[in-house]
Amino acid sequence: MTTFPDLEIYPNHQQQQSYPNQELNFAAVDYSLLTDLYQLTMAACYTGEGVEQKPASFELFVRKLPEDFGYLIAMGLTQALEYLEKLRFSSSQIAALQATGIFSHASDRFWSLLAEGCFTGDVWAVPEGTAVFANQPFLRIEAPLWQAQLVETYLLNTINYQTLIATRAARIRDVAGEQATLLEFGTRRAFSPQGSLWAARAALAGGLDSTSNVLAALQLNQKPSGTMAHALVMALSAMEGTEAQAFSAFHRYFPGAPLLIDTYDTIAAAQKLAEKVNSGEMHLTGVRLDSGDLVSLSKQVRSLLPNVTIFASGDLDEWEIARLKAEGAEIDGYGLGTRLVTGKPVNGVYKLVEIDGIPVMKESRDKATYPGRKQIFRSFSEGTIKVDRLGLAIETPLGEEPLLQLVMKQGKPLQPPESLATIRHRTAASVASLLPETRRLDRPVSVNVEISAELQDLTQQTHKRIAEAQK
């Protein structure tokens, strides 16, 4: 048995449980417990009040875009649907929850609900790779109240993070151009091993060419990409005599891999490599620069190795790539790591919009929401997004494209997962459909989102009903 420290909010609960895992890893069988406690306590409360099966609708959206972002690229739906389809509570998980003592006042029906339950709801979502804006739902869950409540934490976790990475990748691709080679190098800086897999997937779907994460690449049926580290150069130089010998050794086993040439003297390394290339002794495909003045160094390396691909890395992001290009750097590809997989968060939220057929809304200051099940109606003009209209799901499109699609019915996905190539193509098309002022990095102007007359009316009616109820 594992003993928990006292939890102040539950001072009288018993401290033992029977679900230990000191490695803190998880698999699909653990999905049910990978949630915040209050999802379970609310589900227990709903059950005690006899409302757990009431039909509920929750929507996932962002209230505002991250600073200096004109759009987001929705991502993470594939993992969200996989989670919903496999969500189950095992007997050992239920026993572990019971052993905490936290649920000592919960009804027996709550435990029966968990033991027999699974996700049986419907899911509406925008396809992965779609550009979305503030207050537009990426996804809507329509399910029995306890189920729709329980899944909030996991959905926000995967969709928020993958949306962030996909958006950064799309912006980087937009700035670097289609000809640039973009490699995802962020595994060592991602927030967790699981996060590194999601980051690699979202980066590829957002527009990057490959990832150095071997597990992610192979699971996604991709070929991993990478170069070498300074450690190899230092180790072989120390033991075999020179940096040039270290390069030759690595090139012997991996002739197609770029060589990292800034361990000591970048230009001196490039000069020696140029001698080997010009003499026909070595067929070199690429070199990587990881430090120093990348503009100056890349120009000098290009003059020495005119037919060799030059990669750059070292805390790069879309702003730095834009600067390098503006200053005439001779760089053909970029390795993206820390700033791609970390940075400004996407603060997606998951809010109840309808319960038992009754529209509901939140009226908290700066956190108000729109009531009712909604749809995004998008209109285009010559391939460019003209305007988005946020309306009720029951409204009829006015020559517009409804973005939210039914992707899961009664807990079963309606289509197999899309390929990365399909999602990446949609991402590129989504970015291309945005106006330049929405795509720019500094002070972007987001797409105009109109609120339909029907949604405005429902908002006013709901506000009035809430106000009267509070008297």
# chains A, B, ... in the order shown; residues from 1 in each chain; ligands from 1
call {"tool": "residues_around", "arguments": {"residues": "Trp111 in chain A", "least_positions_apart": "2", "cutoff": "12 Å", "atoms": "only C-alpha atoms", "output": "list in words"}}
result
Leu40, Thr41, Ala43, Ala44, Thr47, Gly48, Phe89, Ser90, Ser91, Gln93, Ile94, Ala95, Ala96, Leu97, Gln98, Phe103, Ser104, His105, Ala106, Ser107, Asp108, Arg109, Leu113, Leu114, Ala115, Glu116 and Gly117 of chain A
call {"tool": "closest_atom_pairs", "arguments": {"of": "range 143-238 of chain A", "to": "range 343-363 of chain A", "cutoff": "7 Å", "atoms": "only C-alpha atoms", "output": "tab-separated table"}}
result
residue	atom	partner	partner_atom	distance
A:Glu152	CA	A:Tyr350	CA	6.4
A:Leu156	CA	A:Gly348	CA	6.5
A:Asn160	CA	A:Val346	CA	5.5
A:Tyr161	CA	A:Val346	CA	7.0
A:Leu164	CA	A:Val346	CA	5.7
call {"tool": "residues_around", "arguments": {"residues": "range 264-277 of chain A", "least_positions_apart": "5", "cutoff": "10 Å", "atoms": "only C-alpha atoms", "output": "list in words"}}
result
His230, Val233, Met234, Glu243, Ala244, Phe247, Ser248, Leu259, Met282, His283, Leu284, Val287, Arg288, Leu289, Asp290, Ser291, Gly292, Leu297, Ser298, Gln300, Val301, Arg302, Ser303, Leu304, Leu305, Pro306, Asn307 and Val308 of chain A
call {"tool": "write_last_selection", "arguments": {"atoms": "N, CA and C atoms", "output": "compact mmCIF listing (two decimals), in the first residue's frame"}}
result
# COMPACT_ATOMS: atom_id res chain seq x y z
N HIS A 230 27.63 18.03 -30.77
CA HIS A 230 29.01 18.45 -30.54
C HIS A 230 29.81 17.38 -29.81
N VAL A 233 31.90 15.18 -32.10
CA VAL A 233 33.07 15.88 -32.63
C VAL A 233 34.16 15.96 -31.56
N MET A 234 33.76 16.32 -30.35
CA MET A 234 34.75 16.45 -29.28
C MET A 234 35.36 15.11 -28.91
N GLU A 243 39.30 17.39 -35.80
CA GLU A 243 37.89 17.55 -36.12
C GLU A 243 37.58 16.93 -37.48
N ALA A 244 38.48 17.12 -38.42
CA ALA A 244 38.27 16.57 -39.76
C ALA A 244 38.14 15.05 -39.72
N PHE A 247 34.66 14.22 -38.53
CA PHE A 247 33.71 14.36 -39.62
C PHE A 247 33.76 13.16 -40.56
N SER A 248 34.96 12.75 -40.91
CA SER A 248 35.12 11.63 -41.83
C SER A 248 34.54 10.35 -41.25
N LEU A 259 26.65 17.56 -41.29
CA LEU A 259 27.70 17.62 -40.27
C LEU A 259 27.58 18.93 -39.48
N MET A 282 35.02 13.67 -50.76
CA MET A 282 33.79 13.59 -49.98
C MET A 282 32.62 14.19 -50.75
N HIS A 283 31.50 13.50 -50.74
CA HIS A 283 30.26 14.05 -51.29
C HIS A 283 29.41 14.48 -50.10
N LEU A 284 29.41 15.75 -49.81
CA LEU A 284 28.76 16.29 -48.62
C LEU A 284 27.38 16.84 -48.97
N VAL A 287 25.49 20.83 -43.95
CA VAL A 287 26.17 21.21 -42.72
C VAL A 287 25.18 21.95 -41.85
N ARG A 288 25.46 21.94 -40.53
CA ARG A 288 24.56 22.64 -39.60
C ARG A 288 25.34 23.64 -38.77
N LEU A 289 24.76 24.82 -38.62
CA LEU A 289 25.29 25.88 -37.77
C LEU A 289 24.38 26.03 -36.57
N ASP A 290 24.95 26.01 -35.37
CA ASP A 290 24.14 26.00 -34.16
C ASP A 290 24.44 27.19 -33.25
N SER A 291 25.33 28.08 -33.65
CA SER A 291 25.70 29.20 -32.78
C SER A 291 26.36 30.29 -33.60
N GLY A 292 26.60 31.43 -32.94
CA GLY A 292 27.30 32.53 -33.58
C GLY A 292 26.38 33.39 -34.43
N LEU A 297 28.03 33.89 -40.76
CA LEU A 297 28.60 32.56 -40.91
C LEU A 297 28.00 31.82 -42.11
N SER A 298 26.70 31.94 -42.30
CA SER A 298 26.08 31.22 -43.41
C SER A 298 26.57 31.75 -44.75
N GLN A 300 29.54 33.06 -45.35
CA GLN A 300 30.92 32.58 -45.54
C GLN A 300 30.94 31.09 -45.89
N VAL A 301 30.11 30.32 -45.21
CA VAL A 301 30.04 28.88 -45.50
C VAL A 301 29.53 28.65 -46.92
N ARG A 302 28.55 29.45 -47.35
CA ARG A 302 28.02 29.31 -48.72
C ARG A 302 29.11 29.57 -49.75
N SER A 303 29.96 30.55 -49.49
CA SER A 303 31.03 30.84 -50.45
C SER A 303 32.03 29.69 -50.54
N LEU A 304 32.19 28.96 -49.45
CA LEU A 304 33.12 27.83 -49.44
C LEU A 304 32.48 26.54 -49.93
N LEU A 305 31.21 26.38 -49.63
CA LEU A 305 30.48 25.15 -49.99
C LEU A 305 29.20 25.53 -50.73
N PRO A 306 29.33 26.01 -51.96
CA PRO A 306 28.18 26.57 -52.68
C PRO A 306 27.06 25.58 -52.98
N ASN A 307 27.35 24.31 -53.04
CA ASN A 307 26.34 23.33 -53.41
C ASN A 307 25.90 22.44 -52.25
N VAL A 308 26.21 22.88 -51.05
CA VAL A 308 25.89 22.10 -49.86
C VAL A 308 24.74 22.78 -49.10
call {"tool": "closest_atom_pairs", "arguments": {"of": "range 83-197 of chain A", "to": "range 421-426 of chain A", "cutoff": "12 Å", "atoms": "only C-alpha atoms", "output": "Markdown table"}}
result
| residue | atom | partner | partner_atom | distance |
| --- | --- | --- | --- | --- |
| A:Val126 | CA | A:Arg426 | CA | 11.4 |
| A:Pro127 | CA | A:Ile423 | CA | 8.1 |
| A:Glu128 | CA | A:Ile423 | CA | 6.0 |
| A:Gly129 | CA | A:Arg426 | CA | 5.3 |
| A:Thr130 | CA | A:Arg426 | CA | 6.6 |
| A:Ala131 | CA | A:Arg426 | CA | 9.2 |
| A:Ala166 | CA | A:Arg424 | CA | 9.5 |
| A:Thr167 | CA | A:Arg424 | CA | 11.5 |
| A:Ala169 | CA | A:Arg424 | CA | 10.3 |
| A:Ala170 | CA | A:Arg424 | CA | 9.1 |
| A:Arg173 | CA | A:Arg424 | CA | 11.0 |
call {"tool": "residues_around", "arguments": {"residues": "Met42 in chain A", "least_positions_apart": "3", "cutoff": "10 Å", "atoms": "only C-alpha atoms", "output": "list in words"}}
result
Leu37, Tyr38, Gln39, Cys45, Tyr46, Thr47, Gly48, Glu52, Leu145, Trp146, Gln149 and Leu150 of chain A
call {"tool": "select_by_dssp", "arguments": {"residues": "range 331-444 of chain A", "states": "alpha helix (DSSP H)", "output": "PyMOL selection string"}}
result
chain A and resi 338-341+420-432+436-439
call {"tool": "write_last_selection", "arguments": {"atoms": "N, CA, C and O atoms", "output": "short mmCIF file (atom, residue, chain, number, x, y, z; two decimals), in the first residue's frame"}}
result
data_model
loop_
_atom_site.label_atom_id
_atom_site.label_comp_id
_atom_site.auth_asym_id
_atom_site.auth_seq_id
_atom_site.Cartn_x
_atom_site.Cartn_y
_atom_site.Cartn_z
N THR A 338 13.32 24.29 -28.76
CA THR A 338 12.78 24.88 -27.54
C THR A 338 11.60 25.82 -27.78
O THR A 338 10.54 25.69 -27.17
N ARG A 339 11.78 26.77 -28.67
CA ARG A 339 10.74 27.78 -28.85
C ARG A 339 9.52 27.27 -29.61
O ARG A 339 8.47 27.91 -29.59
N LEU A 340 9.68 26.13 -30.27
CA LEU A 340 8.54 25.52 -30.93
C LEU A 340 7.66 24.78 -29.93
O LEU A 340 6.44 24.90 -29.95
N VAL A 341 8.28 24.00 -29.06
CA VAL A 341 7.51 23.11 -28.18
C VAL A 341 7.18 23.74 -26.83
O VAL A 341 6.53 23.11 -25.99
N LEU A 420 -1.42 12.23 -41.81
CA LEU A 420 -0.70 13.48 -41.56
C LEU A 420 -0.63 14.32 -42.83
O LEU A 420 -0.70 15.55 -42.78
N ALA A 421 -0.47 13.67 -43.97
CA ALA A 421 -0.38 14.41 -45.24
C ALA A 421 -1.67 15.19 -45.50
O ALA A 421 -1.63 16.35 -45.94
N THR A 422 -2.81 14.57 -45.21
CA THR A 422 -4.09 15.25 -45.41
C THR A 422 -4.22 16.44 -44.48
O THR A 422 -4.64 17.54 -44.89
N ILE A 423 -3.85 16.26 -43.21
CA ILE A 423 -3.96 17.35 -42.25
C ILE A 423 -2.97 18.46 -42.59
O ILE A 423 -3.31 19.66 -42.52
N ARG A 424 -1.77 18.07 -42.98
CA ARG A 424 -0.77 19.09 -43.35
C ARG A 424 -1.25 19.90 -44.55
O ARG A 424 -1.07 21.13 -44.60
N HIS A 425 -1.85 19.24 -45.53
CA HIS A 425 -2.37 19.95 -46.71
C HIS A 425 -3.46 20.93 -46.29
O HIS A 425 -3.52 22.07 -46.79
N ARG A 426 -4.34 20.49 -45.37
CA ARG A 426 -5.40 21.39 -44.90
C ARG A 426 -4.82 22.57 -44.15
O ARG A 426 -5.30 23.71 -44.28
N THR A 427 -3.78 22.33 -43.36
CA THR A 427 -3.13 23.43 -42.64
C THR A 427 -2.60 24.47 -43.62
O THR A 427 -2.81 25.68 -43.45
N ALA A 428 -1.89 24.00 -44.64
CA ALA A 428 -1.33 24.92 -45.64
C ALA A 428 -2.43 25.71 -46.34
O ALA A 428 -2.30 26.93 -46.55
N ALA A 429 -3.52 25.02 -46.68
CA ALA A 429 -4.63 25.71 -47.35
C ALA A 429 -5.29 26.71 -46.41
O ALA A 429 -5.69 27.81 -46.84
N SER A 430 -5.39 26.37 -45.13
CA SER A 430 -5.99 27.28 -44.15
C SER A 430 -5.17 28.55 -44.03
O SER A 430 -5.71 29.67 -44.01
N VAL A 431 -3.85 28.40 -43.92
CA VAL A 431 -2.99 29.58 -43.80
C VAL A 431 -3.06 30.42 -45.07
O VAL A 431 -3.12 31.65 -45.03
N ALA A 432 -3.08 29.75 -46.23
CA ALA A 432 -3.15 30.47 -47.50
C ALA A 432 -4.45 31.25 -47.65
O ALA A 432 -4.51 32.24 -48.40
N PRO A 436 -2.98 38.79 -45.49
CA PRO A 436 -1.62 39.08 -44.98
C PRO A 436 -1.61 39.69 -43.59
O PRO A 436 -0.73 39.37 -42.78
N GLU A 437 -2.58 40.54 -43.29
CA GLU A 437 -2.57 41.18 -41.97
C GLU A 437 -2.89 40.19 -40.85
O GLU A 437 -2.57 40.43 -39.69
N THR A 438 -3.54 39.09 -41.19
CA THR A 438 -3.81 38.05 -40.19
C THR A 438 -2.60 37.15 -40.01
O THR A 438 -2.37 36.63 -38.90
N ARG A 439 -1.81 36.97 -41.06
CA ARG A 439 -0.65 36.08 -41.01
C ARG A 439 0.61 36.75 -40.46
O ARG A 439 1.54 36.05 -40.03
#
call {"tool": "closest_residue", "arguments": {"among": "A:Ala190, A:Ile172, A:Leu392, A:Ala322", "to": "Asp209 in chain A", "atoms": "only C-alpha atoms"}}
result
A:Ile172
call {"tool": "atom_distance", "arguments": {"atom1": "CA of Leu60 in chain A", "atom2": "CA of Gly207 in chain A"}}
result
23.9 Å
call {"tool": "closest_residue", "arguments": {"among": "A:Ile73, A:Leu294, A:Leu260, A:Leu24", "to": "Thr163 in chain A", "atoms": "only C-alpha atoms"}}
result
A:Ile73
call {"tool": "closest_residue", "arguments": {"among": "A:Ser452, A:Thr285, A:Ser419, A:Gln245", "to": "Ala393 in chain A", "atoms": "only C-alpha atoms"}}
result
A:Ser452
call {"tool": "decode", "arguments": {"residues": "range 127-265 of chain A", "atoms": "C-alpha atoms", "output": "PDB file, in the first residue's frame"}}
result
ATOM      1  CA  PRO A 127     -11.172  19.145 -38.932  1.00  0.00           C
ATOM      2  CA  GLU A 128      -7.561  19.178 -37.783  1.00  0.00           C
ATOM      3  CA  GLY A 129      -5.545  21.786 -39.663  1.00  0.00           C
ATOM      4  CA  THR A 130      -8.414  24.304 -39.769  1.00  0.00           C
ATOM      5  CA  ALA A 131      -7.752  27.946 -38.885  1.00  0.00           C
ATOM      6  CA  VAL A 132      -9.919  29.115 -35.988  1.00  0.00           C
ATOM      7  CA  PHE A 133     -10.270  32.310 -33.990  1.00  0.00           C
ATOM      8  CA  ALA A 134     -11.350  33.527 -30.562  1.00  0.00           C
ATOM      9  CA  ASN A 135     -14.712  32.315 -29.199  1.00  0.00           C
ATOM     10  CA  GLN A 136     -15.111  29.732 -31.972  1.00  0.00           C
ATOM     11  CA  PRO A 137     -15.662  26.175 -30.742  1.00  0.00           C
ATOM     12  CA  PHE A 138     -13.010  23.714 -31.927  1.00  0.00           C
ATOM     13  CA  LEU A 139     -15.142  20.901 -30.602  1.00  0.00           C
ATOM     14  CA  ARG A 140     -18.524  20.192 -28.987  1.00  0.00           C
ATOM     15  CA  ILE A 141     -19.377  17.239 -26.776  1.00  0.00           C
ATOM     16  CA  GLU A 142     -23.037  16.150 -26.619  1.00  0.00           C
ATOM     17  CA  ALA A 143     -23.375  13.397 -24.024  1.00  0.00           C
ATOM     18  CA  PRO A 144     -24.925  12.441 -20.679  1.00  0.00           C
ATOM     19  CA  LEU A 145     -23.893  15.073 -18.157  1.00  0.00           C
ATOM     20  CA  TRP A 146     -21.494  12.909 -16.124  1.00  0.00           C
ATOM     21  CA  GLN A 147     -19.625  11.788 -19.254  1.00  0.00           C
ATOM     22  CA  ALA A 148     -19.409  15.240 -20.815  1.00  0.00           C
ATOM     23  CA  GLN A 149     -18.086  16.618 -17.517  1.00  0.00           C
ATOM     24  CA  LEU A 150     -15.543  13.878 -16.904  1.00  0.00           C
ATOM     25  CA  VAL A 151     -13.683  14.263 -20.222  1.00  0.00           C
ATOM     26  CA  GLU A 152     -12.874  17.967 -19.893  1.00  0.00           C
ATOM     27  CA  THR A 153      -9.340  17.654 -18.519  1.00  0.00           C
ATOM     28  CA  TYR A 154      -7.954  15.251 -21.089  1.00  0.00           C
ATOM     29  CA  LEU A 155      -9.555  17.055 -24.028  1.00  0.00           C
ATOM     30  CA  LEU A 156      -8.091  20.391 -22.981  1.00  0.00           C
ATOM     31  CA  ASN A 157      -4.689  18.819 -22.379  1.00  0.00           C
ATOM     32  CA  THR A 158      -4.278  17.307 -25.825  1.00  0.00           C
ATOM     33  CA  ILE A 159      -6.088  19.947 -27.891  1.00  0.00           C
ATOM     34  CA  ASN A 160      -4.538  23.005 -26.213  1.00  0.00           C
ATOM     35  CA  TYR A 161      -0.984  21.708 -26.558  1.00  0.00           C
ATOM     36  CA  GLN A 162      -1.223  20.290 -30.043  1.00  0.00           C
ATOM     37  CA  THR A 163      -3.006  23.427 -31.259  1.00  0.00           C
ATOM     38  CA  LEU A 164      -0.152  25.534 -29.910  1.00  0.00           C
ATOM     39  CA  ILE A 165       2.510  23.440 -31.651  1.00  0.00           C
ATOM     40  CA  ALA A 166       0.610  23.175 -34.927  1.00  0.00           C
ATOM     41  CA  THR A 167       0.048  26.932 -34.995  1.00  0.00           C
ATOM     42  CA  ARG A 168       3.710  27.662 -34.326  1.00  0.00           C
ATOM     43  CA  ALA A 169       4.708  25.168 -37.023  1.00  0.00           C
ATOM     44  CA  ALA A 170       2.305  26.741 -39.512  1.00  0.00           C
ATOM     45  CA  ARG A 171       3.654  30.212 -38.777  1.00  0.00           C
ATOM     46  CA  ILE A 172       7.232  29.006 -39.132  1.00  0.00           C
ATOM     47  CA  ARG A 173       6.427  27.364 -42.456  1.00  0.00           C
ATOM     48  CA  ASP A 174       4.694  30.529 -43.624  1.00  0.00           C
ATOM     49  CA  VAL A 175       7.732  32.649 -42.785  1.00  0.00           C
ATOM     50  CA  ALA A 176      10.414  30.205 -43.965  1.00  0.00           C
ATOM     51  CA  GLY A 177       8.667  29.426 -47.257  1.00  0.00           C
ATOM     52  CA  GLU A 178       7.803  26.161 -48.948  1.00  0.00           C
ATOM     53  CA  GLN A 179      11.352  25.514 -50.150  1.00  0.00           C
ATOM     54  CA  ALA A 180      12.926  25.519 -46.698  1.00  0.00           C
ATOM     55  CA  THR A 181      13.499  22.213 -44.902  1.00  0.00           C
ATOM     56  CA  LEU A 182      12.063  22.357 -41.380  1.00  0.00           C
ATOM     57  CA  LEU A 183      13.028  19.784 -38.754  1.00  0.00           C
ATOM     58  CA  GLU A 184      11.425  19.323 -35.327  1.00  0.00           C
ATOM     59  CA  PHE A 185      14.150  18.961 -32.660  1.00  0.00           C
ATOM     60  CA  GLY A 186      12.076  19.679 -29.543  1.00  0.00           C
ATOM     61  CA  THR A 187      11.938  16.367 -27.675  1.00  0.00           C
ATOM     62  CA  ARG A 188      14.508  17.329 -25.032  1.00  0.00           C
ATOM     63  CA  ARG A 189      12.670  20.585 -24.312  1.00  0.00           C
ATOM     64  CA  ALA A 190       9.065  19.336 -24.439  1.00  0.00           C
ATOM     65  CA  PHE A 191       7.173  19.355 -21.157  1.00  0.00           C
ATOM     66  CA  SER A 192       7.108  15.560 -20.853  1.00  0.00           C
ATOM     67  CA  PRO A 193       7.868  12.406 -22.840  1.00  0.00           C
ATOM     68  CA  GLN A 194       4.171  12.211 -23.768  1.00  0.00           C
ATOM     69  CA  GLY A 195       4.238  15.877 -24.700  1.00  0.00           C
ATOM     70  CA  SER A 196       7.199  15.279 -26.994  1.00  0.00           C
ATOM     71  CA  LEU A 197       5.182  12.753 -29.012  1.00  0.00           C
ATOM     72  CA  TRP A 198       2.238  15.106 -29.354  1.00  0.00           C
ATOM     73  CA  ALA A 199       4.573  17.976 -30.216  1.00  0.00           C
ATOM     74  CA  ALA A 200       6.223  15.964 -32.973  1.00  0.00           C
ATOM     75  CA  ARG A 201       2.866  14.967 -34.443  1.00  0.00           C
ATOM     76  CA  ALA A 202       1.440  18.490 -34.315  1.00  0.00           C
ATOM     77  CA  ALA A 203       4.612  19.976 -35.799  1.00  0.00           C
ATOM     78  CA  LEU A 204       4.481  17.599 -38.759  1.00  0.00           C
ATOM     79  CA  ALA A 205       0.768  18.200 -39.259  1.00  0.00           C
ATOM     80  CA  GLY A 206       1.387  21.949 -38.989  1.00  0.00           C
ATOM     81  CA  GLY A 207       3.917  22.002 -41.809  1.00  0.00           C
ATOM     82  CA  LEU A 208       7.324  20.733 -40.678  1.00  0.00           C
ATOM     83  CA  ASP A 209       9.081  18.099 -42.770  1.00  0.00           C
ATOM     84  CA  SER A 210      10.331  15.639 -40.180  1.00  0.00           C
ATOM     85  CA  THR A 211      11.128  15.024 -36.521  1.00  0.00           C
ATOM     86  CA  SER A 212      14.185  13.789 -34.660  1.00  0.00           C
ATOM     87  CA  ASN A 213      11.934  11.910 -32.211  1.00  0.00           C
ATOM     88  CA  VAL A 214      12.441   8.308 -33.279  1.00  0.00           C
ATOM     89  CA  LEU A 215       9.414   6.883 -31.460  1.00  0.00           C
ATOM     90  CA  ALA A 216       7.075   9.563 -32.780  1.00  0.00           C
ATOM     91  CA  ALA A 217       8.352   9.211 -36.329  1.00  0.00           C
ATOM     92  CA  LEU A 218       8.018   5.434 -36.427  1.00  0.00           C
ATOM     93  CA  GLN A 219       4.582   5.459 -34.778  1.00  0.00           C
ATOM     94  CA  LEU A 220       3.464   7.997 -37.381  1.00  0.00           C
ATOM     95  CA  ASN A 221       4.967   5.958 -40.239  1.00  0.00           C
ATOM     96  CA  GLN A 222       7.558   8.663 -40.920  1.00  0.00           C
ATOM     97  CA  LYS A 223      11.326   8.557 -41.255  1.00  0.00           C
ATOM     98  CA  PRO A 224      13.155  10.308 -38.384  1.00  0.00           C
ATOM     99  CA  SER A 225      15.721  12.985 -39.261  1.00  0.00           C
ATOM    100  CA  GLY A 226      18.724  14.374 -37.459  1.00  0.00           C
ATOM    101  CA  THR A 227      22.344  15.395 -37.646  1.00  0.00           C
ATOM    102  CA  MET A 228      24.938  14.971 -34.911  1.00  0.00           C
ATOM    103  CA  ALA A 229      25.897  16.584 -31.619  1.00  0.00           C
ATOM    104  CA  HIS A 230      29.014  18.454 -30.539  1.00  0.00           C
ATOM    105  CA  ALA A 231      29.840  15.539 -28.242  1.00  0.00           C
ATOM    106  CA  LEU A 232      30.724  13.281 -31.182  1.00  0.00           C
ATOM    107  CA  VAL A 233      33.067  15.877 -32.633  1.00  0.00           C
ATOM    108  CA  MET A 234      34.752  16.454 -29.281  1.00  0.00           C
ATOM    109  CA  ALA A 235      35.011  12.760 -28.436  1.00  0.00           C
ATOM    110  CA  LEU A 236      36.434  11.603 -31.767  1.00  0.00           C
ATOM    111  CA  SER A 237      38.637  14.670 -32.116  1.00  0.00           C
ATOM    112  CA  ALA A 238      40.149  13.946 -28.725  1.00  0.00           C
ATOM    113  CA  MET A 239      40.734  10.275 -29.487  1.00  0.00           C
ATOM    114  CA  GLU A 240      41.450  10.315 -33.217  1.00  0.00           C
ATOM    115  CA  GLY A 241      43.309  13.585 -33.501  1.00  0.00           C
ATOM    116  CA  THR A 242      41.334  16.190 -35.457  1.00  0.00           C
ATOM    117  CA  GLU A 243      37.889  17.552 -36.118  1.00  0.00           C
ATOM    118  CA  ALA A 244      38.266  16.566 -39.759  1.00  0.00           C
ATOM    119  CA  GLN A 245      38.804  12.944 -38.753  1.00  0.00           C
ATOM    120  CA  ALA A 246      35.663  13.096 -36.613  1.00  0.00           C
ATOM    121  CA  PHE A 247      33.705  14.361 -39.620  1.00  0.00           C
ATOM    122  CA  SER A 248      35.124  11.626 -41.834  1.00  0.00           C
ATOM    123  CA  ALA A 249      34.220   8.934 -39.321  1.00  0.00           C
ATOM    124  CA  PHE A 250      30.603  10.036 -38.992  1.00  0.00           C
ATOM    125  CA  HIS A 251      30.281  10.590 -42.739  1.00  0.00           C
ATOM    126  CA  ARG A 252      31.546   7.079 -43.353  1.00  0.00           C
ATOM    127  CA  TYR A 253      28.551   5.553 -41.566  1.00  0.00           C
ATOM    128  CA  PHE A 254      25.937   8.222 -42.377  1.00  0.00           C
ATOM    129  CA  PRO A 255      26.922   9.809 -45.703  1.00  0.00           C
ATOM    130  CA  GLY A 256      23.584  11.562 -46.115  1.00  0.00           C
ATOM    131  CA  ALA A 257      23.544  13.260 -42.723  1.00  0.00           C
ATOM    132  CA  PRO A 258      24.552  16.936 -42.294  1.00  0.00           C
ATOM    133  CA  LEU A 259      27.700  17.624 -40.271  1.00  0.00           C
ATOM    134  CA  LEU A 260      27.671  19.997 -37.295  1.00  0.00           C
ATOM    135  CA  ILE A 261      30.585  22.367 -37.955  1.00  0.00           C
ATOM    136  CA  ASP A 262      30.573  24.958 -35.151  1.00  0.00           C
ATOM    137  CA  THR A 263      32.180  22.990 -32.295  1.00  0.00           C
ATOM    138  CA  TYR A 264      35.463  24.900 -32.625  1.00  0.00           C
ATOM    139  CA  ASP A 265      36.033  27.242 -35.579  1.00  0.00           C
TER     140      ASP A 265
END
